Structure formats: structure tokens, C-alpha cells
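**Q** Quick one: the structure is below, questions incoming.
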Amino acid sequence: MRKKLKSITNKLYPMAFIAIILVIWFVICQLKIVPGFMLPSPQSVVKALVNDFGLLMGHAATTLQEAFIGLILSIVFALALAVIMDECDVLYKMVYPVMVLTQTVPTVAIAPLLVLWMGFGILPKITLIFITCFFPIAVSTLGGLRSVDADMIRLFRSMGANKRQILWRVKLPYALEGFFSGLKVAATYSIVGAVISEWLGGVSGLGVYMTRVRKSYAFDKMFAVILITSAVSLLVMKLVTLLQKKMMPWKQATGEKTK
Amino acid sequence: MEYLSVLQVSKQYQGKPVIQNICLDVQKGERVCILGASGIGKTTLFNIVSGLEKPDEGSVWLNGKDITGQSGQMSYMQQKDLLLPFQTILDNVCVPLRLKGVDKKAAREQAAPYFAEFGLQGYEKKYPSQLSGGMRQRAALLRSYLFSGDVMLLDEPFSALDALTKTAMHDWFMQFAATHNTTTLLITHDVDEAIVLSNRIYIMAGRPGRITREFGVDAHAIPPQNFTTSDAFIRLKRQILEVIGQ
């Protein structure tokens, strides 16, 4: 009960901060310190949000779909590669530095190339999301797999466990923690990646809509779509947290300690 | 007749001998202790006895069979409890049964009756992080016992516990070993623990590690509650300390 109360008050602090920013924003627009066409007022953003809500939801659905497919693909391949790299040291030494290297390539720079190669359909979008999301998941899962106590593995071997049993019963459950911290990062990347790739072309999606309203200088709509993008990111992150709670029930049980 | 015997075992790592010409034997139902300072090669010896590593020379015999380099013949427990944090105590102790291919339900049914004896009743559904150190250690011991209650290798099993918990665990363990007629080979660097828990003590010393002396502990005449303060105990402790000091 007290814990719940505490979590509510903890949420009050950032909410108060957001309220302060909103008030400052409102005052700036009211006093016309910044001209209205450059910075829309909060109420006009809300109006745009309400008026275009159906349209925004349609675009959000497209973006979410792309992000989801890209994320699932990244998870499957990242997990497979992490397990293989953990088993095979030569492969680890070969691939790991290259993986790190690929992360220095800016996403924004390869997005146009992907469009040139793959067209304006869903394919370049999913590819870009895959490229950005694959790395955090693979690296954090691999870190989890490699951090398993060597004594634990020795114990399991002494009990006659084979490699497959050690992987399923010890290594993978241990790696879940790392996997989820990677997945949380990847989840936000997936939305950002989808939006960036949509900027460059497409029929529907939050990025496509964003480009359209920017070109028509409809800044209130621009702000509205930015808000929706954030909301979608938060939603995906929340889903990951829920999934983590579901898959790691022992993390919740560590509260009370008994003698 | 010897039940478990180690014959002239030597092992080296990267040209450096760690243990040399180790010979020891354990009778059925006996509790034998290897006493020595840290880093003397006790754990290497245990890895060889348990079959996790092969010796460079020598062999390990169990019940008349050569088991050198074969793991899975006896249970092995370490100082760390090594319970899986993501499984309940019941599932943790079921691990050895599950590894042998017993299905979940049957494994749980087989393990459950032991919880009372191991002082874990009511904690079946708890996670390791919710238990005290002593309880976790007993859970680890139960897991070892369920793997093989026949021969148990215990590598400093109680040394991470505080002094009071440790004494309680010693009493409990003596009772457990007597009830199940378990053959135990125990490693420790604690002289008191060695004398309290074992029938015989091997002193391991030197570099590379060798067995330098063997002591018998005859505690049958003395009531257990007075044993640690008895003359016999003090005398033996003094003798052992002299040998280690050399």
C-alpha cells in the first residue's frame, strides 16, 4: 500500500515539471514573444490532435506495424547470433568487432540508400529498423550469456548436464535480464527508425505525415504528430516492461526476506 | 573396504604442478575431510574426483570401478549455493532429477518429502533471494542429495555462513549424514569444522599440494554438546595446527 502511494507521488514530480513547461509555453504564445506560425500554442496543438486523430491513428498503425515486424526479426536473429557467438569463440572474435563498427554508421545516412535499393514499400523500412534494433539486443543478450558464473556451469556439468541443457536451463534464463535491457532500447529505436525511413517516402506512416505537414508549414499538426510518435514509443516500451514482468516473475518476489 | 579411492593423482597447469601424488580413501558411510590452506589445490583435487577434469597421472575409483574423468557419479556442492535465482526452491532442488529426464510433476513429488528434514518446509514456492544464507545452503545440499545421496563431495560448504549459523548447520549436517549413511568427502580450511564433522582428516600442504598427514577423530566417547570444549578436541586441534605450521 505504502509502496503504491510512493510510486504515485514519484510520478507527481515529473508531471509537475511538465505542467510548468506547458504554462511557460502557453504564456510565450499568449504574449506573442514568438510568432504564432513558428511556435503554435498548446491549445492549437491539442485542437490539431483532436481534429486529425483518426488520420493520425491510421498513420500510427502503419508505423507500428513496420516497427513490430522489424523488432521481431531483430529479436529472432539477435538471439540466434548471441547464442552462436557464445558457443563459438572464433565467430565471436570475428563478428563482434564488425558489429560494433556497423553501429558507427549513422542511420540517417543509410536510409536514402535503402530506399534507392528497395523502393518506397515496407521493405527498406523494416531493413532500417532491423539494422538499428539488432545490435542492442544481440550485444546485451550476449553479455548476459557470457556473464553466467563459471561455477554454475561446472555444477551443472557435474550433474551430467549436456550443452543444450545448460543453454536452456542456465544460460538463457540468466541472459533474460540483459535481453530485456537491450529490447527496451531497441523498442524505442524501432519507432524512431520507422519514422526516419518514412521521411524518405511512402504512402502512409507517422514519418510520411510528418513530412507532409512540415512541407505545408502546419506546425500545429507537426507538434501533434510528434506527440503521437512519443506516445507510440512509450506504449511499445510499456509493452516490453509488461512482457518482462511476465517472463521474469522472480524479480517481483524478491521484496520480503525471511529468516 | 574402500568405497571411494584416489590413487596417486597428479595434475599440472601450464607446466606448473598443482597437486602431486595424492592418495586417499573413504570407507562407505565415512566422513573424511581434506584440511589445508587456500590455494593448495583442494578444488583441483575435487574437480578430478568429481570427474570434471582428468588427472595427468593416477586414477579415481568408486565401488571397485575406475571412474577417472567421468562426471555425474557423485554429487558436488560448493561454497556458493549456486541456486538458480529464477527458479523456486522446489524447482531448484528438482534440477538434478529433471536433468536425468524425470518429468516436472514426478520430480516435484520426489523432492517434496525432504523439505521438512532440510528445514525448508513452507519455502517450496519461494525464490532463493527470499531465503537466509543457511537455508539456501541447505537447499543446495538437498539438491546435491537428490542428485546422489550415496557419495557427496562438499567443497567448503559452510564457510560463507556466519559463526552461529555455521554451528547450527554442523549439528544438522551430522544428523543428516548419520540418518542417510552418506559417504562424504569434505574440503575445509577450518580446523574446528574438520574435527567436528569428520571421522578422519587428511592434511594437505606444500607446493605442489600433497597429503602430508592423516588424523583419526575418535569422538564416540564424548557427548556431542561437549565435544568442542573437550580435552580430546583441544589436543587434536593442537596436533593438527602443529602439522600445518611446519
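Chain labels run A, B, ... following the order of the C-alpha cells; each chain numbers its residues from 1, and ligands are numbered from 1 in the order shown.
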Using only C-alpha atoms, determine which residues of chain B fall within 10 Å of chain A; present them as JSON, numbers by chain.

**A** {"B": [47, 50, 51, 52, 70, 71, 72, 73, 74, 75, 76, 77, 78, 80, 81, 82, 83, 84, 85, 86, 87, 88, 95, 96, 97, 98, 99, 100, 123, 126, 127, 128, 129, 130, 131, 132, 133, 134, 135, 144, 147, 148]}

**Q** Can you write just those residues out, C-alpha atoms, as a short mmCIF file (atom, residue, chain, number, x, y, z; two decimals), in the first residue's frame?

**A**
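So the final result, stored in out-v2.cif, reads:
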data_model
loop_
_atom_site.label_atom_id
_atom_site.label_comp_id
_atom_site.auth_asym_id
_atom_site.auth_seq_id
_atom_site.Cartn_x
_atom_site.Cartn_y
_atom_site.Cartn_z
CA ASN B 47 37.38 -31.40 -9.88
CA SER B 50 34.13 -35.48 -9.45
CA GLY B 51 35.32 -36.20 -12.99
CA LEU B 52 35.11 -32.62 -14.29
CA GLN B 70 33.67 -39.46 -15.61
CA SER B 71 31.41 -36.75 -14.25
CA GLY B 72 27.95 -37.35 -12.84
CA GLN B 73 29.00 -40.17 -10.49
CA MET B 74 28.66 -38.27 -7.24
CA SER B 75 27.18 -35.02 -6.06
CA TYR B 76 29.35 -31.95 -5.76
CA MET B 77 28.50 -28.96 -3.64
CA GLN B 78 30.44 -25.72 -3.45
CA LYS B 80 28.41 -20.73 -3.14
CA ASP B 81 24.89 -22.13 -3.03
CA LEU B 82 24.60 -21.75 -6.84
CA LEU B 83 20.83 -21.86 -6.74
CA LEU B 84 19.20 -20.55 -9.89
CA PRO B 85 17.74 -17.15 -8.93
CA PHE B 86 14.92 -17.51 -11.45
CA GLN B 87 13.50 -20.74 -10.08
CA THR B 88 11.66 -21.52 -6.88
CA VAL B 95 17.16 -29.73 -11.17
CA PRO B 96 19.25 -32.93 -10.92
CA LEU B 97 16.13 -35.06 -11.36
CA ARG B 98 14.97 -33.00 -14.34
CA LEU B 99 18.44 -33.33 -15.90
CA LYS B 100 18.10 -37.08 -15.59
CA TYR B 123 9.53 -22.35 1.41
CA LYS B 126 9.96 -19.03 -2.57
CA TYR B 127 12.84 -17.81 -4.67
CA PRO B 128 16.45 -18.16 -3.40
CA SER B 129 16.76 -14.42 -2.78
CA GLN B 130 13.96 -14.70 -0.20
CA LEU B 131 15.86 -17.22 1.96
CA SER B 132 18.60 -16.78 4.54
CA GLY B 133 22.14 -18.00 3.85
CA GLY B 134 21.76 -21.11 5.97
CA MET B 135 18.52 -22.08 4.25
CA SER B 144 23.14 -32.43 -4.12
CA PHE B 147 21.45 -35.97 -7.38
CA SER B 148 23.28 -38.62 -5.40
#

**Q** Name the residues of segment 165-224 of chain B that fall into strand (DSSP E) according to DSSP on the backbone, using the chain letters and numbers of this document, as a PyMOL selection string.

**A** chain B and resi 183-188+200-205+210-216

**Q** If you keep N, CA and C atoms, can you produce a file of those selected residues as an mmCIF file, in the first residue's frame?

**A**
data_model
loop_
_atom_site.group_PDB
_atom_site.id
_atom_site.type_symbol
_atom_site.label_atom_id
_atom_site.label_comp_id
_atom_site.auth_asym_id
_atom_site.auth_seq_id
_atom_site.Cartn_x
_atom_site.Cartn_y
_atom_site.Cartn_z
ATOM 1 N N THR B 183 28.262 -41.214 2.356
ATOM 2 C CA THR B 183 29.711 -41.147 2.309
ATOM 3 C C THR B 183 30.091 -39.730 1.893
ATOM 4 N N THR B 184 30.900 -39.074 2.703
ATOM 5 C CA THR B 184 31.180 -37.661 2.458
ATOM 6 C C THR B 184 32.681 -37.397 2.383
ATOM 7 N N LEU B 185 33.060 -36.663 1.364
ATOM 8 C CA LEU B 185 34.424 -36.141 1.300
ATOM 9 C C LEU B 185 34.289 -34.620 1.330
ATOM 10 N N LEU B 186 34.933 -34.017 2.317
ATOM 11 C CA LEU B 186 34.697 -32.605 2.594
ATOM 12 C C LEU B 186 36.006 -31.827 2.529
ATOM 13 N N ILE B 187 35.960 -30.660 1.944
ATOM 14 C CA ILE B 187 37.119 -29.774 1.930
ATOM 15 C C ILE B 187 36.869 -28.643 2.911
ATOM 16 N N THR B 188 37.874 -28.284 3.686
ATOM 17 C CA THR B 188 37.715 -27.094 4.521
ATOM 18 C C THR B 188 39.083 -26.506 4.850
ATOM 19 N N ARG B 200 37.821 -38.904 9.786
ATOM 20 C CA ARG B 200 39.259 -38.851 9.520
ATOM 21 C C ARG B 200 39.600 -37.539 8.831
ATOM 22 N N ILE B 201 40.832 -37.083 9.038
ATOM 23 C CA ILE B 201 41.258 -35.818 8.439
ATOM 24 C C ILE B 201 42.570 -36.030 7.689
ATOM 25 N N TYR B 202 42.590 -35.615 6.439
ATOM 26 C CA TYR B 202 43.848 -35.578 5.688
ATOM 27 C C TYR B 202 44.348 -34.138 5.685
ATOM 28 N N ILE B 203 45.624 -33.960 5.988
ATOM 29 C CA ILE B 203 46.186 -32.614 5.918
ATOM 30 C C ILE B 203 46.862 -32.461 4.567
ATOM 31 N N MET B 204 46.502 -31.402 3.874
ATOM 32 C CA MET B 204 47.095 -31.151 2.568
ATOM 33 C C MET B 204 47.956 -29.896 2.681
ATOM 34 N N ALA B 205 49.208 -30.001 2.212
ATOM 35 C CA ALA B 205 50.105 -28.854 2.334
ATOM 36 C C ALA B 205 51.154 -28.907 1.231
ATOM 37 N N ARG B 210 50.317 -31.760 -1.462
ATOM 38 C CA ARG B 210 50.439 -33.203 -1.171
ATOM 39 C C ARG B 210 49.696 -33.489 0.127
ATOM 40 N N ILE B 211 49.367 -34.764 0.311
ATOM 41 C CA ILE B 211 48.815 -35.171 1.602
ATOM 42 C C ILE B 211 50.001 -35.389 2.538
ATOM 43 N N THR B 212 50.067 -34.597 3.611
ATOM 44 C CA THR B 212 51.232 -34.714 4.486
ATOM 45 C C THR B 212 50.961 -35.542 5.740
ATOM 46 N N ARG B 213 49.748 -35.581 6.216
ATOM 47 C CA ARG B 213 49.443 -36.342 7.429
ATOM 48 C C ARG B 213 48.013 -36.802 7.406
ATOM 49 N N GLU B 214 47.728 -37.802 8.212
ATOM 50 C CA GLU B 214 46.354 -38.278 8.337
ATOM 51 C C GLU B 214 46.030 -38.403 9.825
ATOM 52 N N PHE B 215 44.875 -37.900 10.242
ATOM 53 C CA PHE B 215 44.454 -37.990 11.637
ATOM 54 C C PHE B 215 43.128 -38.722 11.725
ATOM 55 N N GLY B 216 42.989 -39.528 12.740
ATOM 56 C CA GLY B 216 41.683 -40.121 13.006
ATOM 57 C C GLY B 216 41.009 -39.297 14.086
#

**Q** With a distance cut-off of 10 Å and only C-alpha atoms, select the neighbouring residues of Gln110 of chain B, excluding the residue or stretch itself and same-chain residues fewer than 5 positions from it, and output the selection as a ChimeraX atom specification.

**A** /B:94,97,102,104-105,146

**Q** Nearest to Asn199 of chain B: which of B:Val49, B:Leu4, B:Val32, B:Ala116 is it, counting only C-alpha atoms?

**A**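 Of B:Val49, B:Leu4, B:Val32, B:Ala116, the one nearest Asn199 of chain B is B:Val32, counting only C-alpha atoms.
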
**Q** Give me the residues of segment 92-154 of chain A that have any atom at most 12 Å from an atom of segment 205-223 of chain A; for each, the nearest atom pair and the distance in Å, rounded to one decimal. Use only C-alpha atoms, sort by chain and number, and format it as a tab-separated table.

**A**
residue	atom	partner	partner_atom	distance
A:Phe120	CA	A:Val208	CA	11.1
A:Gly121	CA	A:Gly205	CA	11.3
A:Ile122	CA	A:Gly205	CA	10.3
A:Lys125	CA	A:Gly205	CA	10.6

**Q** Using only C-alpha atoms, which residue out of B:Ala112, B:Ile40, B:Ala107, B:Leu90 lies closest to Ala140 of chain B?

**A**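 Under the stated criterion, the closest residue is B:Leu90.
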
**Q** Neighbouring residues of Ser10 of chain B were defined as those with any atom within 10 Å, considering only C-alpha atoms; residues of the same chain fewer than 4 positions away were excluded. Please report them as a list of chain:residue names.

**A**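 The neighbour list is B:Pro17, B:Val18, B:Ile19, B:Gln20, B:Asn21, B:Ile22, B:Cys23, B:Thr44, B:Leu45, B:Ile48, B:Lys54, B:Pro55, B:Asp56, B:Glu57, B:Gly58, B:Ser59, B:Pro208, B:Gly209, B:Arg210.
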
**Q** Selected residues, C-alpha atoms, written as an mmCIF file, in the first residue's frame, please.

**A**
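File written: selection.cif
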data_model
loop_
_atom_site.group_PDB
_atom_site.id
_atom_site.type_symbol
_atom_site.label_atom_id
_atom_site.label_comp_id
_atom_site.auth_asym_id
_atom_site.auth_seq_id
_atom_site.Cartn_x
_atom_site.Cartn_y
_atom_site.Cartn_z
ATOM 1 C CA PRO B 17 52.342 -28.909 -10.818
ATOM 2 C CA VAL B 18 49.337 -28.105 -8.634
ATOM 3 C CA ILE B 19 48.815 -31.387 -6.827
ATOM 4 C CA GLN B 20 51.221 -34.273 -6.631
ATOM 5 C CA ASN B 21 50.776 -37.927 -5.880
ATOM 6 C CA ILE B 22 47.574 -37.630 -3.895
ATOM 7 C CA CYS B 23 46.349 -40.876 -2.368
ATOM 8 C CA THR B 44 41.597 -29.052 -8.328
ATOM 9 C CA LEU B 45 41.574 -32.357 -6.488
ATOM 10 C CA ILE B 48 39.344 -34.557 -10.589
ATOM 11 C CA LYS B 54 41.158 -35.583 -15.947
ATOM 12 C CA PRO B 55 44.292 -36.086 -13.858
ATOM 13 C CA ASP B 56 47.669 -36.124 -15.595
ATOM 14 C CA GLU B 57 48.503 -39.245 -13.639
ATOM 15 C CA GLY B 58 46.599 -41.522 -11.315
ATOM 16 C CA SER B 59 43.038 -42.727 -11.110
ATOM 17 C CA PRO B 208 52.510 -28.587 -5.233
ATOM 18 C CA GLY B 209 49.861 -29.828 -2.810
ATOM 19 C CA ARG B 210 50.439 -33.203 -1.171
#

**Q** Using only C-alpha atoms for the distances, tell me which of B:Arg136, B:Thr179, B:Tyr114, B:Ser230 is nearest to Leu161 of chain B.

**A**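 Between B:Arg136, B:Thr179, B:Tyr114, B:Ser230, the residue approaching Leu161 of chain B most closely is B:Arg136.
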
**Q** State, in Å with one decimal place, the distance from atom CA of Asp150 of chain B to atom CA of Thr182 of chain B.

**A** 5.4 Å

**Q** Would you list the contacts of segment 117-119 of chain A as a list in words, taking every protein, DNA or RNA residue within 9 Å and counting only C-alpha atoms, but skipping same-chain residues closer than 5 positions in sequence?

**A**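 My list of contacting residues is Pro112, Pro124, Gly201 and Gly202 of chain A.
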
**Q** Limited to C-alpha atoms, could you put the picked residues into a file as a compact mmCIF listing (two decimals), in the first residue's frame?

**A**
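Saved result, selection25.txt, follows:
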# COMPACT_ATOMS: atom_id res chain seq x y z
CA PRO A 112 18.20 7.01 -48.55
CA PRO A 124 13.51 -0.53 -46.74
CA GLY A 201 8.93 8.23 -48.97
CA GLY A 202 5.94 6.03 -48.66
